[in-house]
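> The following block contains the structure, expressed as structure tokens.
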Amino acid sequence: MFKKILIANRGEIAVRILRACRELGIQTVAVYSDADRAALHVRLADEAYHIGPSASRESYLRIDKLMDVAKKSGCDALHPGYGFLAENPALPRACVDTGITFIGPSAEAMEAMGSKTAGKQLARRAEVPTVPGTSEPIENPEEAQALAQNMGYPILLKAIAGGGGKGMRIVPHDAGFASAWRDAASEAMNAFGDPRVFIEKYLVGPRHIEIQIFADAHGRCVSLGERECSVQRRHQKVVEEAPSSVITPELRRKMGEAAVRLSRAGGYTNAGTVEFLVDADLNFYFLEVNTRLQVEHPVTEQVTGLDLVKLQIAIAAGHRLPFAWETITPRGHAMEVRLYAEDPDNNFFPSPGKIISRHTPTGPGIRLDEGVYEGWTVPLDYDPLLGKLIAWGNSREETIARLRRALNEYTIMGIRTNVSLFRRILTEPEFLRGEIHTKWLDQLLARPRPPAVPPRPGTEEAALIAAALWHSTNTNHGGPGSTDPQSAPSRWKMEGRRQHMEHLP
Amino acid sequence: MKLEIELGDPDGKKKRVVEFERKGDTCQVAIDGKPMNADAVQVSPNAVSVTLDGQSFEIHLTRSIDGKMKLQCGPHEFSAEVMDPRAWRGRKHGALEVEGRQEIVAPMPGKVVRILVTAGDAVEAGQGLLVVEAMKMQNEIRSPKNGKVERILAKEGQAVNAGEVLAWVE
């Protein structure tokens with residue numbers, strides 16, 4: 001087993017990986033940019049090294065700096081997390097050159113499966129059904145537009161290197177093509193350093209269902225079942241659950257077999273996710289492979305009882321998968337919501353800033369994977385994900401009730417969050433019936449908001465009393481509203497005067 | 001202690017007078033002169049627990065940049081301002097604004113990556129004016145009204161702070 005692992009990431013996922021290492025008795029090395037000196041992953045790690053300015057292109061995306069840290073600190077393995085360099089084949093290559101183990105697939109498997117076009121070609125060879133579209137990136141916008149006209153609108157533009165909805169645009173008709181192309185390419189360039197984009201036919205109203213696979217280096221590859229991630233806002237998943245309410249054991253087996261076939265064809269090892277679109281008739285189409293750990297992996301952990309990060313580490317260390325597919329049956333139900341620092345009342349604009357106070361939920365069936373703490377300033381340089389709130393229970397109903405209960409306990413002051421969005425989703429009748437698709441949330445948000453539930457009687461009076469008490473306690477300590485600033489001279493001023501005295505001749 | 005507090009919620013603002021006195025283990029509270037069967041304790045630096053006729057409430061509080069208090073009680077949010085009788089009144093922020101001119105401000109800190117219009121252009125409500133990139137997402141800032149772009153104050157590539165004026169639409 002490894003002695004020391006470099007965690008080439010930040011935020012909640014760096015903390016998640018760090019915790020797995022701790023449990024395995026492995027030393028952890030964190031890296032951080034200027035903005036992240038006081039971040040939670042730095043505070044919790046055994047060792048932490050500065051790797052550059054806040055801009056991720058000058059810090060978390062710098063392979064050379066990561067390799068320097070790995071050598072300097074004597075790491076024998078590197079975990080990339082998700083995002084940043086996690087799907088960049090240059091990172092596993094650099095690890096090989098440096099002589100450390102990359103916790104993930106080989107660079108070759110990443111290239112064969114990770115890029116959306118290569119993944120599609122591989123899927124066709126492995127006889128996994130795919131959505132119609134181009135399999136090559138298109139360099140020339142005019143050529144692309146002609147192809148789009150042939151295919152028929154609506155079409156989807158996607159960054160080759162993409163993920164998380166960045167560098168992705170739906171084009172509903174020909175008139176919007178040029179500006180969508182420009183935006184997608186420029187966003188892709190900024191986020192991934194690769195402006196190449198390809199085109200796909202856009203299915204109307206499908207579900208997004210993905211299969212978690214694991215493959216060891218000894219030829220065993222298994223499926224750990226599905227996650228349903230149909231609740232998305234602008235292609236960004238916001239609620240994920242397992243099992244899906246539409247998947248039958250038969251379909252689960254078929255999709256699992258397709259995913260395993262694909263991963264074998266690509267010579268894949270370690271954790272991966274094969275994403276599918278599932279239409280109303282339960283036909284499934286291959287979408288893409290994510291050659292890394294997913295944000296929503298806890299959902300699978302809660303229904304399988306497995307620790308996916310520890311499994312990743314064990315497989316990278318050459319261990320065999322300790323189980324056969326037949327023994328893995330999802331138990332109960334799990335659901336995750338992604339807590340973002342963004343303002344749902346202002347078009348979900350990111351809302352970075354200082355977390356002044358925070359109360360987090362606990363109790364039965366609740367897990368909170370976070371990368372923040374009270375007093376931490378959420379930087380504006382990175383994805384505004386604060387953490388993930390996960391609930392599990394015996395049934396979907398119990399899980400939703402627990403999640404609702406936990407969201408009511410969750411309070412964060414100082415920044416805006418999307419918690420109110422989940423309060424709304426988790427009471428929508430369509431969601432409760434499981435009638436969701438990838439456009440469902442965008443359509444819901446376009447509808448007028450239901451009238452707010454009025455506060456129970458006495459809330460206003462309670463707020464007034466709290467305001468009066470809090471105001472009086474906070475002004476008695478010489479705060480900004482202090483009634484008598486002369487009574488206690490500033491200690492700064494006194495210290496300044498004392499220092500001047502010492503400099504007198 | 002007697003305070004005049006202006007409490008704001010999405011429906012508007014109301015001024016109420018709160019009297020609050022703690023004597024040993026008991027609280028004496030009155031709102032607008034009416035005695036209340038209430039008790040309040042500060043349970044953390046930013047939270048107050050209030051009981052009112054046996055109903056339990058937990059209120060989280062912070063101070064916003066403009067000096068007002070922000071309050072949160074479960075999903076409900078309020079603002080509260082303690083009226084200081086010595087404060088200079090009558091300052092009305094909007095009075096100086098020219099009727100009809102809209103200031104386009106940056107809704108959050110970020111970088112102006114593209115300017116889509118030039119001064120003098122006629123624009124429609126909802127038309128994109130600029131693209132601001134923040135946290136790796138590009139966000140189009142749209143015109144709030146039909147009119148004419150009077151001035152562009154931002155430059156491409158410029159870093160902007162929340163609230164910074166980017167353009168004027170007349």
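Here's how to read the names in the structure tokens: chain A, B, ... by the order shown, residue numbers from 1 in each chain, ligand numbers from 1 in the order shown.
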Output the contact residues of chain B with respect to chain A at a cut-off of 6 Å, based on only C-alpha atoms, as a PDB file with C-alpha atoms, in the first residue's frame.

```pdb
ATOM      1  CA  VAL B  48     -30.576  34.012  19.017  1.00  0.00           C
ATOM      2  CA  VAL B  50     -36.548  33.151  21.004  1.00  0.00           C
ATOM      3  CA  MET B 135     -15.898  31.414 -11.399  1.00  0.00           C
TER       4      MET B 135
END
```
> Applying 9 Å and only C-alpha atoms, which residues near B:Glu140 remain after dropping the ones on its own chain fewer than 5 positions away? List them as a ChimeraX atom specification.
/B:128-133
> Would you put the residues from that selection into a file with N, CA and C atoms, as a PDB file, in the first residue's frame?

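See again-v8.pdb below for the written result:
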```
ATOM      1  N   GLY B 128     -28.197  41.326 -24.809  1.00  0.00           N
ATOM      2  CA  GLY B 128     -26.921  41.247 -24.105  1.00  0.00           C
ATOM      3  C   GLY B 128     -26.088  42.501 -24.322  1.00  0.00           C
ATOM      4  N   LEU B 129     -25.479  43.006 -23.255  1.00  0.00           N
ATOM      5  CA  LEU B 129     -24.627  44.186 -23.355  1.00  0.00           C
ATOM      6  C   LEU B 129     -23.152  43.816 -23.201  1.00  0.00           C
ATOM      7  N   LEU B 130     -22.888  43.001 -22.173  1.00  0.00           N
ATOM      8  CA  LEU B 130     -21.508  42.600 -21.896  1.00  0.00           C
ATOM      9  C   LEU B 130     -21.507  41.161 -21.407  1.00  0.00           C
ATOM     10  N   VAL B 131     -20.345  40.540 -21.468  1.00  0.00           N
ATOM     11  CA  VAL B 131     -20.185  39.208 -20.909  1.00  0.00           C
ATOM     12  C   VAL B 131     -19.167  39.299 -19.777  1.00  0.00           C
ATOM     13  N   VAL B 132     -19.577  38.892 -18.593  1.00  0.00           N
ATOM     14  CA  VAL B 132     -18.689  38.921 -17.435  1.00  0.00           C
ATOM     15  C   VAL B 132     -18.388  37.484 -17.038  1.00  0.00           C
ATOM     16  N   GLU B 133     -17.104  37.171 -16.889  1.00  0.00           N
ATOM     17  CA  GLU B 133     -16.734  35.821 -16.471  1.00  0.00           C
ATOM     18  C   GLU B 133     -16.424  35.827 -14.993  1.00  0.00           C
TER      19      GLU B 133
END
```
> If DSSP is run on the backbone, what residues of stretch 17-70 of chain B are strand (DSSP E or B)? A reply as an MDAnalysis selection string would be ideal.
chainID B and resid 17:23 26:31 34:36 38:44 47:52 55:63 69:70
> Just the selected residues (C-alpha atoms), exported as a tab-separated table (two decimals), in the first residue's frame, please.

```
chain	number	residue	atom	x	y	z
B	17	VAL	CA	-40.93	49.68	18.84
B	18	VAL	CA	-39.30	46.92	20.87
B	19	GLU	CA	-38.71	47.12	24.62
B	20	PHE	CA	-36.41	44.51	26.06
B	21	GLU	CA	-35.27	44.11	29.65
B	22	ARG	CA	-33.59	41.10	31.24
B	23	LYS	CA	-33.94	40.64	35.00
B	26	THR	CA	-36.75	36.40	33.13
B	27	CYS	CA	-37.20	38.69	30.17
B	28	GLN	CA	-39.63	41.56	29.96
B	29	VAL	CA	-40.52	42.22	26.35
B	30	ALA	CA	-43.03	44.57	24.79
B	31	ILE	CA	-43.67	45.33	21.12
B	34	LYS	CA	-47.91	45.54	24.14
B	35	PRO	CA	-46.29	43.16	26.67
B	36	MET	CA	-45.23	39.81	25.18
B	38	ALA	CA	-41.31	36.03	25.40
B	39	ASP	CA	-37.76	35.04	26.21
B	40	ALA	CA	-34.58	35.45	24.19
B	41	VAL	CA	-31.05	34.13	24.64
B	42	GLN	CA	-28.02	34.44	22.40
B	43	VAL	CA	-26.97	30.83	21.67
B	44	SER	CA	-23.96	31.58	19.45
B	47	ALA	CA	-27.82	33.15	16.57
B	48	VAL	CA	-30.58	34.01	19.02
B	49	SER	CA	-33.16	31.57	20.35
B	50	VAL	CA	-36.55	33.15	21.00
B	51	THR	CA	-39.56	31.61	22.70
B	52	LEU	CA	-42.86	33.40	22.26
B	55	GLN	CA	-43.38	28.70	20.28
B	56	SER	CA	-39.65	28.22	19.69
B	57	PHE	CA	-37.78	30.21	17.02
B	58	GLU	CA	-34.13	30.28	16.07
B	59	ILE	CA	-32.94	33.46	14.38
B	60	HIS	CA	-29.57	33.76	12.66
B	61	LEU	CA	-28.19	37.27	12.32
B	62	THR	CA	-25.37	39.07	10.52
B	63	ARG	CA	-24.62	42.67	9.69
B	69	MET	CA	-29.00	43.46	10.10
B	70	LYS	CA	-29.84	40.42	8.02
```
> Tell me, which residues of stretch 12-241 of chain A carry DSSP alpha helix (DSSP H), written as a VMD selection string?
chain A and resid 12 to 24 40 to 44 63 to 73 90 to 98 107 to 113 116 to 125 141 to 151 177 to 192
> For B:Lys155, which of B:Thr118, B:Arg16, B:Ser79, B:Ala134 is the closest residue, counting only C-alpha atoms?
B:Thr118
> Provide the atom CA of B:Asn139 to atom CA of A:Val372 distance in Å, to one decimal place.
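Interatomic distance here is 25.0 Å.
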> If you measure from atom CA of A:Ala175 to atom CA of B:Asn146, what distance in Å do you get, rounded to one decimal?
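Computing it gives 21.8 Å between the two atoms.
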> Closest to B:Trp168 among B:Gly126, B:Gly100, B:Gly8, B:Gly33, using only C-alpha atoms?
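When distances to B:Trp168 are compared using only C-alpha atoms, the smallest one comes from B:Gly100.
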> Identify, on the basis of only C-alpha atoms, every residue whose closest approach to A:Ile199 does not exceed 7 Å; exclude the query and any residue fewer than 6 positions from it along the same chain; express the result as an MDAnalysis selection string.
chainID A and resid 133:134 155:158
> May I have the residues from that selection written out with C-alpha atoms, as a PDB file, in the first residue's frame?

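Done, and the output landed in again26.pdb:
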```
ATOM      1  CA  GLY A 133     -23.673  13.282 -33.970  1.00  0.00           C
ATOM      2  CA  THR A 134     -20.180  13.975 -35.242  1.00  0.00           C
ATOM      3  CA  ILE A 155     -28.361  20.560 -31.757  1.00  0.00           C
ATOM      4  CA  LEU A 156     -25.867  20.620 -28.921  1.00  0.00           C
ATOM      5  CA  LEU A 157     -22.334  22.067 -28.981  1.00  0.00           C
ATOM      6  CA  LYS A 158     -19.927  20.422 -26.565  1.00  0.00           C
TER       7      LYS A 158
END
```
> Atom CA of A:Arg227 and atom CA of A:His208, how far apart in Å?
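Interatomic distance here is 8.5 Å.
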